[in-house]
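K.L.:
My structure is in protein-v9.json, and what it holds is JSON, C-alpha atoms:
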```
[["chain", "number", "residue", "atom", "x", "y", "z"],
["A", 549, "MET", "CA", -2.76, 32.32, -56.48],
["A", 550, "ASP", "CA", -3.73, 30.92, -53.06],
["A", 551, "GLU", "CA", -0.53, 28.84, -53.07],
["A", 552, "LYS", "CA", 1.52, 32.04, -53.50],
["A", 553, "ILE", "CA", -0.28, 33.51, -50.50],
["A", 554, "ARG", "CA", 0.32, 30.39, -48.40],
["A", 555, "GLU", "CA", 4.00, 30.36, -49.36],
["A", 556, "TRP", "CA", 4.33, 34.03, -48.39],
["A", 557, "ILE", "CA", 2.74, 33.32, -45.01],
["A", 558, "ARG", "CA", 5.06, 30.32, -44.45],
["A", 559, "ARG", "CA", 8.10, 32.42, -45.31],
["A", 560, "GLU", "CA", 7.22, 35.68, -43.52],
["A", 561, "GLY", "CA", 4.76, 34.69, -40.76],
["A", 562, "LYS", "CA", 5.99, 33.90, -37.26],
["A", 563, "VAL", "CA", 4.15, 31.35, -35.12],
["A", 564, "VAL", "CA", 4.08, 32.77, -31.59],
["A", 565, "GLY", "CA", 1.66, 30.28, -30.04],
["A", 566, "PRO", "CA", -0.67, 27.45, -31.02],
["A", 567, "GLU", "CA", -3.35, 30.06, -31.85],
["A", 568, "PHE", "CA", -1.31, 33.14, -32.77],
["A", 569, "LEU", "CA", 0.52, 33.97, -35.98],
["A", 570, "ARG", "CA", 2.44, 37.22, -36.27],
["A", 571, "VAL", "CA", 2.09, 38.79, -39.73],
["A", 572, "ASP", "CA", 3.07, 42.31, -38.76],
["A", 573, "GLY", "CA", 6.08, 42.28, -41.09],
["A", 574, "PHE", "CA", 3.94, 42.25, -44.26],
["A", 575, "LEU", "CA", 0.21, 42.56, -43.52],
["A", 576, "ASN", "CA", -0.85, 44.55, -40.49],
["A", 577, "HIS", "CA", 1.96, 46.73, -39.15],
["A", 578, "ARG", "CA", 4.56, 47.03, -41.89],
["A", 579, "ILE", "CA", 2.66, 46.58, -45.14],
["A", 580, "ASP", "CA", 4.09, 44.87, -48.21],
["A", 581, "PRO", "CA", 2.18, 46.29, -51.19],
["A", 582, "ALA", "CA", 2.95, 43.21, -53.30],
["A", 583, "PHE", "CA", 1.28, 40.94, -50.75],
["A", 584, "VAL", "CA", -1.70, 43.27, -50.37],
["A", 585, "GLU", "CA", -2.14, 43.36, -54.16],
["A", 586, "LEU", "CA", -1.98, 39.57, -54.34],
["A", 587, "ALA", "CA", -4.51, 39.06, -51.53],
["A", 588, "GLY", "CA", -6.74, 41.93, -52.66],
["A", 589, "ASP", "CA", -6.89, 40.56, -56.18],
["A", 590, "ALA", "CA", -7.80, 37.06, -54.96],
["A", 591, "LEU", "CA", -10.57, 38.28, -52.65],
["A", 592, "ALA", "CA", -11.96, 40.67, -55.29],
["A", 593, "HIS", "CA", -12.00, 37.83, -57.81],
["A", 594, "ALA", "CA", -13.88, 35.59, -55.35],
["A", 595, "PHE", "CA", -16.64, 38.20, -54.95],
["A", 596, "SER", "CA", -16.62, 39.78, -58.42],
["A", 597, "ASP", "CA", -20.12, 38.49, -59.21],
["A", 598, "ARG", "CA", -21.78, 39.68, -55.98],
["A", 599, "GLY", "CA", -22.45, 43.33, -56.94],
["A", 600, "VAL", "CA", -20.46, 44.68, -53.99],
["A", 601, "THR", "CA", -20.91, 48.43, -53.44],
["A", 602, "ALA", "CA", -18.88, 48.71, -50.22],
["A", 603, "VAL", "CA", -16.25, 46.67, -48.39],
["A", 604, "LEU", "CA", -16.52, 46.91, -44.60],
["A", 605, "THR", "CA", -13.84, 46.08, -42.04],
["A", 606, "ALA", "CA", -12.92, 46.93, -38.45],
["A", 607, "GLU", "CA", -10.22, 49.47, -37.70],
["A", 608, "ALA", "CA", -7.26, 49.03, -38.18],
["A", 609, "ALA", "CA", -5.68, 45.74, -39.29],
["A", 610, "GLY", "CA", -8.25, 45.12, -42.02],
["A", 611, "ASN", "CA", -8.15, 48.63, -43.50],
["A", 612, "VAL", "CA", -5.45, 48.02, -46.10],
["A", 613, "ILE", "CA", -6.93, 44.76, -47.37],
["A", 614, "ALA", "CA", -10.46, 46.21, -47.41],
["A", 615, "TYR", "CA", -9.25, 49.22, -49.39],
["A", 616, "GLU", "CA", -7.49, 47.04, -51.96],
["A", 617, "VAL", "CA", -10.49, 44.73, -52.40],
["A", 618, "ALA", "CA", -12.81, 47.73, -52.73],
["A", 619, "ARG", "CA", -10.50, 49.38, -55.26],
["A", 620, "ARG", "CA", -10.42, 46.25, -57.39],
["A", 621, "LEU", "CA", -14.21, 45.85, -57.21],
["A", 622, "GLY", "CA", -14.92, 49.50, -58.00],
["A", 623, "ALA", "CA", -16.58, 49.85, -54.60],
["A", 624, "ARG", "CA", -16.05, 52.04, -51.55],
["A", 625, "ALA", "CA", -14.06, 50.99, -48.50],
["A", 626, "LEU", "CA", -15.66, 51.54, -45.10],
["A", 627, "TYR", "CA", -14.28, 50.77, -41.68],
["A", 628, "ALA", "CA", -15.89, 50.60, -38.29],
["A", 629, "LYS", "CA", -14.03, 52.93, -35.96],
["A", 630, "LYS", "CA", -12.79, 51.87, -32.57],
["A", 631, "GLY", "CA", -14.92, 53.95, -30.24],
["A", 632, "LYS", "CA", -17.77, 56.23, -31.23],
["A", 633, "ALA", "CA", -16.51, 59.58, -32.51],
["A", 634, "SER", "CA", -18.53, 62.56, -31.27],
["A", 635, "THR", "CA", -18.79, 63.74, -34.88],
["A", 636, "MET", "CA", -20.22, 60.47, -36.21],
["A", 637, "ALA", "CA", -23.81, 60.78, -37.40],
["A", 638, "ASN", "CA", -26.29, 57.98, -36.77],
["A", 639, "PRO", "CA", -23.83, 55.50, -35.24],
["A", 640, "LEU", "CA", -24.42, 51.78, -35.02],
["A", 641, "THR", "CA", -22.25, 50.19, -32.33],
["A", 642, "ARG", "CA", -21.19, 46.79, -31.07],
["A", 643, "VAL", "CA", -18.76, 45.77, -28.32],
["A", 644, "VAL", "CA", -16.44, 42.90, -29.22],
["A", 645, "PRO", "CA", -13.65, 41.13, -27.35],
["A", 646, "SER", "CA", -10.10, 41.48, -28.67],
["A", 647, "PRO", "CA", -8.29, 38.12, -28.79],
["A", 648, "THR", "CA", -4.87, 39.68, -29.38],
["A", 649, "LYS", "CA", -5.06, 42.71, -27.10],
["A", 650, "GLY", "CA", -7.42, 41.44, -24.41],
["A", 651, "GLY", "CA", -10.37, 43.44, -23.12],
["A", 652, "GLU", "CA", -13.22, 44.71, -25.21],
["A", 653, "THR", "CA", -13.47, 47.23, -28.04],
["A", 654, "GLU", "CA", -16.46, 49.28, -29.12],
["A", 655, "LEU", "CA", -16.88, 49.44, -32.90],
["A", 656, "ALA", "CA", -18.96, 52.16, -34.53],
["A", 657, "VAL", "CA", -20.03, 52.78, -38.10],
["A", 658, "SER", "CA", -22.38, 55.44, -39.40],
["A", 659, "ARG", "CA", -25.77, 54.16, -40.47],
["A", 660, "ASP", "CA", -25.54, 56.82, -43.23],
["A", 661, "TYR", "CA", -23.06, 54.60, -45.10],
["A", 662, "LEU", "CA", -25.09, 51.40, -44.77],
["A", 663, "SER", "CA", -28.26, 52.31, -46.64],
["A", 664, "PRO", "CA", -30.64, 49.62, -47.99],
["A", 665, "GLU", "CA", -29.14, 50.12, -51.47],
["A", 666, "GLU", "CA", -25.69, 49.02, -50.29],
["A", 667, "ARG", "CA", -24.37, 45.50, -50.94],
["A", 668, "ILE", "CA", -21.72, 44.96, -48.27],
["A", 669, "LEU", "CA", -18.77, 42.59, -48.24],
["A", 670, "VAL", "CA", -17.07, 42.20, -44.83],
["A", 671, "VAL", "CA", -13.30, 41.74, -45.17],
["A", 672, "ASP", "CA", -10.54, 41.28, -42.60],
["A", 673, "ASP", "CA", -6.99, 40.03, -42.29],
["A", 674, "PHE", "CA", -7.88, 37.10, -40.00],
["A", 675, "LEU", "CA", -10.88, 34.88, -39.34],
["A", 676, "TYR", "CA", -10.36, 33.64, -35.80],
["A", 677, "ARG", "CA", -13.49, 33.29, -33.69],
["A", 678, "GLY", "CA", -15.62, 35.38, -36.04],
["A", 679, "LEU", "CA", -16.87, 37.73, -33.33],
["A", 680, "THR", "CA", -15.74, 40.99, -34.96],
["A", 681, "SER", "CA", -17.01, 40.00, -38.40],
["A", 682, "ALA", "CA", -20.32, 38.85, -36.93],
["A", 683, "ALA", "CA", -20.68, 42.20, -35.16],
["A", 684, "LEU", "CA", -20.04, 44.03, -38.44],
["A", 685, "ALA", "CA", -22.58, 41.82, -40.22],
["A", 686, "GLU", "CA", -25.16, 42.53, -37.52],
["A", 687, "MET", "CA", -24.66, 46.27, -38.02],
["A", 688, "VAL", "CA", -25.07, 45.86, -41.79],
["A", 689, "LEU", "CA", -28.35, 44.02, -41.31],
["A", 690, "GLU", "CA", -29.59, 46.38, -38.61],
["A", 691, "ALA", "CA", -29.07, 49.29, -41.02],
["A", 692, "GLY", "CA", -31.07, 47.51, -43.72],
["A", 693, "ALA", "CA", -28.14, 47.02, -46.10],
["A", 694, "GLU", "CA", -27.52, 43.67, -47.79],
["A", 695, "LEU", "CA", -24.69, 41.44, -46.58],
["A", 696, "VAL", "CA", -23.20, 39.57, -49.56],
["A", 697, "GLY", "CA", -20.24, 37.72, -48.00],
["A", 698, "PHE", "CA", -17.16, 37.54, -45.82],
["A", 699, "GLY", "CA", -13.58, 37.50, -47.10],
["A", 700, "PHE", "CA", -10.41, 36.83, -45.13],
["A", 701, "VAL", "CA", -6.75, 36.58, -45.93],
["A", 702, "ILE", "CA", -6.03, 33.99, -43.20],
["A", 703, "GLU", "CA", -8.45, 31.63, -41.45],
["A", 704, "LYS", "CA", -7.57, 29.73, -38.29],
["A", 705, "CYS", "CA", -9.73, 26.63, -38.86],
["A", 706, "PHE", "CA", -9.35, 25.40, -35.28],
["A", 707, "SER", "CA", -11.06, 28.41, -33.70],
["A", 708, "GLY", "CA", -14.69, 28.07, -34.86],
["A", 709, "GLY", "CA", -14.92, 31.36, -36.74],
["A", 710, "ARG", "CA", -16.47, 29.90, -39.88],
["A", 711, "ASP", "CA", -19.17, 28.22, -37.80],
["A", 712, "ALA", "CA", -19.92, 31.53, -36.06],
["A", 713, "LEU", "CA", -20.52, 33.18, -39.44],
["A", 714, "ALA", "CA", -22.59, 30.37, -40.99],
["A", 715, "ARG", "CA", -25.79, 31.80, -39.48],
["A", 716, "PHE", "CA", -25.64, 34.71, -41.94],
["A", 717, "GLY", "CA", -26.12, 32.40, -44.94],
["A", 718, "VAL", "CA", -23.59, 34.12, -47.22],
["A", 719, "PRO", "CA", -20.29, 32.90, -48.69],
["A", 720, "VAL", "CA", -17.24, 32.83, -46.41],
["A", 721, "VAL", "CA", -13.95, 32.88, -48.35],
["A", 722, "SER", "CA", -10.46, 32.58, -46.90],
["A", 723, "LEU", "CA", -7.29, 32.59, -48.96],
["A", 724, "ALA", "CA", -5.13, 30.63, -46.53],
["A", 725, "ALA", "CA", -6.87, 28.25, -44.11],
["A", 726, "ILE", "CA", -4.60, 27.10, -41.30],
["A", 727, "GLU", "CA", -5.29, 23.71, -39.69],
["A", 728, "ARG", "CA", -2.63, 24.03, -36.99],
["A", 729, "MET", "CA", 0.56, 25.83, -36.01],
["A", 730, "ASP", "CA", 3.49, 24.57, -33.97],
["A", 731, "PRO", "CA", 5.28, 27.29, -31.98],
["A", 732, "ALA", "CA", 8.19, 24.93, -31.20],
["A", 733, "THR", "CA", 9.05, 24.32, -34.86],
["A", 734, "GLY", "CA", 7.33, 27.30, -36.51],
["A", 735, "GLU", "CA", 5.44, 24.87, -38.77],
["A", 736, "ILE", "CA", 2.19, 26.11, -40.34],
["A", 737, "VAL", "CA", -0.11, 23.41, -41.73],
["A", 738, "PHE", "CA", -2.68, 24.63, -44.25],
["A", 739, "ARG", "CA", -5.97, 22.97, -45.17],
["A", 740, "ASP", "CA", -6.03, 21.88, -48.80]]
```
How would this structure read if it were set down as structure tokens?

P.N.:
Amino acid sequence: MDEKIREWIRREGKVVGPEFLRVDGFLNHRIDPAFVELAGDALAHAFSDRGVTAVLTAEAAGNVIAYEVARRLGARALYAKKGKASTMANPLTRVVPSPTKGGETELAVSRDYLSPEERILVVDDFLYRGLTSAALAEMVLEAGAELVGFGFVIEKCFSGGRDALARFGVPVVSLAAIERMDPATGEIVFRD
């Protein structure tokens, strides 16, 4: 299954720099349901034995993947909102830098949905530096919920994200791990 995902990324992804891959034609702007089903199934399978009760992501690129993984696991999907809504009860917040948009973004999630009984899987479209996922994991732990793992569709191996998440001591799964990208040729080299 992972080879199908890699082939899809090779065919549809656009390398726009040595660190940036545009996947907005099928994953995070215009959504291809067939790709989301494929990736959601693979991530759900990877965490099927972890007793996941909720899948957490950051608004907005990870929402579709998180929903599909949650649906397949029989869990709830939860996303940290950008900014703290005035109607949000018991917010937990973190400020994270945005590598694609520049600047910083405040993420907020209600502590009410991260009770100690929850077993949380953090899911996102990309693992880059790991800062957003680490912030989500910190909120999970601060709320007293249990963090059971991290799942990503695409990992950029050259950016240190996996190392940033290692401190949490839970599995980190990526479906397509990219070693390098060449913007001149459009070549994407995956880790085996």

K.L.:
What lies within 9 Å of stretch 576-580 of chain A using all atoms listed in the file, ignoring chain neighbours under 2 positions off, as a VMD selection string?

P.N.:
chain A and resid 571 to 574 582 to 585 608 to 612 673

K.L.:
Excluding A:Gly708 and residues on its chain fewer than 5 positions from it, collect all residues at most 8 Å away from it, counting all atoms listed in the file, and give them as a ChimeraX atom specification.

P.N.:
/A:676-678

K.L.:
In terms of the shortest atom-to-atom distance over only C-alpha atoms, which of A:Arg619, A:Gly599, A:Ser681, A:Leu723 is closest to A:Trp556?

P.N.:
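For A:Trp556, the nearest of the given residues is A:Leu723.
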
K.L.:
Every residue with an atom at most 12 Å from (-10.3, 46.8, -36.7) (file coordinates; only C-alpha atoms) is what I'm after, so could you write them as a CSV table (one decimal) with C-alpha atoms, keeping the file's coordinate frame?

P.N.:
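Saved result, point.csv, follows:
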```csv
chain,number,residue,atom,x,y,z
A,576,ASN,CA,-0.8,44.6,-40.5
A,604,LEU,CA,-16.5,46.9,-44.6
A,605,THR,CA,-13.8,46.1,-42.0
A,606,ALA,CA,-12.9,46.9,-38.4
A,607,GLU,CA,-10.2,49.5,-37.7
A,608,ALA,CA,-7.3,49.0,-38.2
A,609,ALA,CA,-5.7,45.7,-39.3
A,610,GLY,CA,-8.2,45.1,-42.0
A,611,ASN,CA,-8.2,48.6,-43.5
A,612,VAL,CA,-5.4,48.0,-46.1
A,613,ILE,CA,-6.9,44.8,-47.4
A,614,ALA,CA,-10.5,46.2,-47.4
A,626,LEU,CA,-15.7,51.5,-45.1
A,627,TYR,CA,-14.3,50.8,-41.7
A,628,ALA,CA,-15.9,50.6,-38.3
A,629,LYS,CA,-14.0,52.9,-36.0
A,630,LYS,CA,-12.8,51.9,-32.6
A,631,GLY,CA,-14.9,54.0,-30.2
A,643,VAL,CA,-18.8,45.8,-28.3
A,644,VAL,CA,-16.4,42.9,-29.2
A,645,PRO,CA,-13.6,41.1,-27.4
A,646,SER,CA,-10.1,41.5,-28.7
A,647,PRO,CA,-8.3,38.1,-28.8
A,648,THR,CA,-4.9,39.7,-29.4
A,649,LYS,CA,-5.1,42.7,-27.1
A,653,THR,CA,-13.5,47.2,-28.0
A,654,GLU,CA,-16.5,49.3,-29.1
A,655,LEU,CA,-16.9,49.4,-32.9
A,656,ALA,CA,-19.0,52.2,-34.5
A,657,VAL,CA,-20.0,52.8,-38.1
A,670,VAL,CA,-17.1,42.2,-44.8
A,671,VAL,CA,-13.3,41.7,-45.2
A,672,ASP,CA,-10.5,41.3,-42.6
A,673,ASP,CA,-7.0,40.0,-42.3
A,674,PHE,CA,-7.9,37.1,-40.0
A,679,LEU,CA,-16.9,37.7,-33.3
A,680,THR,CA,-15.7,41.0,-35.0
A,681,SER,CA,-17.0,40.0,-38.4
A,683,ALA,CA,-20.7,42.2,-35.2
A,684,LEU,CA,-20.0,44.0,-38.4
```

K.L.:
Can you tell me how far atom CA of A:Arg558 sits from atom CA of A:Ile736, in Å to one decimal?

P.N.:
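Taking atom CA of A:Arg558 and atom CA of A:Ile736, their separation equals 6.5 Å.
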
K.L.:
Name the residues in contact with stretch 621-624 of chain A at a cut-off of 7 Å, using only C-alpha atoms, excluding same-chain residues fewer than 2 positions from it; report them as a list of chain:residue names.

P.N.:
A:Ala592, A:Ser596, A:Val600, A:Thr601, A:Ala602, A:Val603, A:Val617, A:Ala618, A:Arg619, A:Leu626

K.L.:
Point out the residue among A:Ile668, A:Ala732, A:Ala712, A:Ile702 with the least atom-to-atom distance to A:Leu575, counting only C-alpha atoms.

P.N.:
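Going through A:Ile668, A:Ala732, A:Ala712, A:Ile702 one by one, the smallest distance to A:Leu575 is for A:Ile702.
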
K.L.:
So that I can check the surroundings of A:Glu567, please list as an mmCIF file with C-alpha atoms, in the coordinates of the input every protein, DNA and RNA residue that reaches within 8 Å of it, counting all atoms listed in the file and ignoring chain neighbours fewer than 5 positions away.

P.N.:
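Saved as part-v2.cif:
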```cif
data_model
loop_
_atom_site.group_PDB
_atom_site.id
_atom_site.type_symbol
_atom_site.label_atom_id
_atom_site.label_comp_id
_atom_site.auth_asym_id
_atom_site.auth_seq_id
_atom_site.Cartn_x
_atom_site.Cartn_y
_atom_site.Cartn_z
ATOM 1 C CA LYS A 704 -7.570 29.730 -38.290
ATOM 2 C CA ARG A 728 -2.630 24.030 -36.990
ATOM 3 C CA MET A 729 0.560 25.830 -36.010
#
```

K.L.:
For A:Gly699, list every protein, DNA or RNA residue within 6 Å, evaluated using all atoms listed in the file, and leave out those in the same chain fewer than 6 positions away; present the list as a CSV table (one decimal) with C-alpha atoms, in the frame of the given file.

P.N.:
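Produced file result34.csv, reproduced below:
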```csv
chain,number,residue,atom,x,y,z
A,671,VAL,CA,-13.3,41.7,-45.2
A,720,VAL,CA,-17.2,32.8,-46.4
A,721,VAL,CA,-14.0,32.9,-48.4
A,722,SER,CA,-10.5,32.6,-46.9
```

K.L.:
Would you mind telling me which residue in A:Leu662, A:Arg620, A:Ala693, A:Glu727 lies nearest to A:Phe595 when using only C-alpha atoms?

P.N.:
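Under the stated criterion, the closest residue is A:Arg620.
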
K.L.:
From the list A:Asp660, A:Glu703, A:Glu616, A:Glu665, which residue is nearest A:His593 when using all atoms listed in the file?

P.N.:
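Closest to A:His593, using all atoms listed in the file: A:Glu616.
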
K.L.:
Interatomic distance between atom CA of A:Arg667 and atom CA of A:Tyr615?

P.N.:
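Distance between the two atoms: 15.6 Å.
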
K.L.:
What is the atom CA of A:Lys632-atom CA of A:Arg710 distance in Å, reported with one decimal?

P.N.:
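About the pair atom CA of A:Lys632 and atom CA of A:Arg710: they are 27.7 Å apart.
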
K.L.:
Using all atoms listed in the file, find the one residue out of A:Leu640, A:Ala625, A:Ala714, A:Leu675 that sits nearest to A:Gly692.

P.N.:
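Nearest candidate to A:Gly692 out of A:Leu640, A:Ala625, A:Ala714, A:Leu675: A:Leu640.
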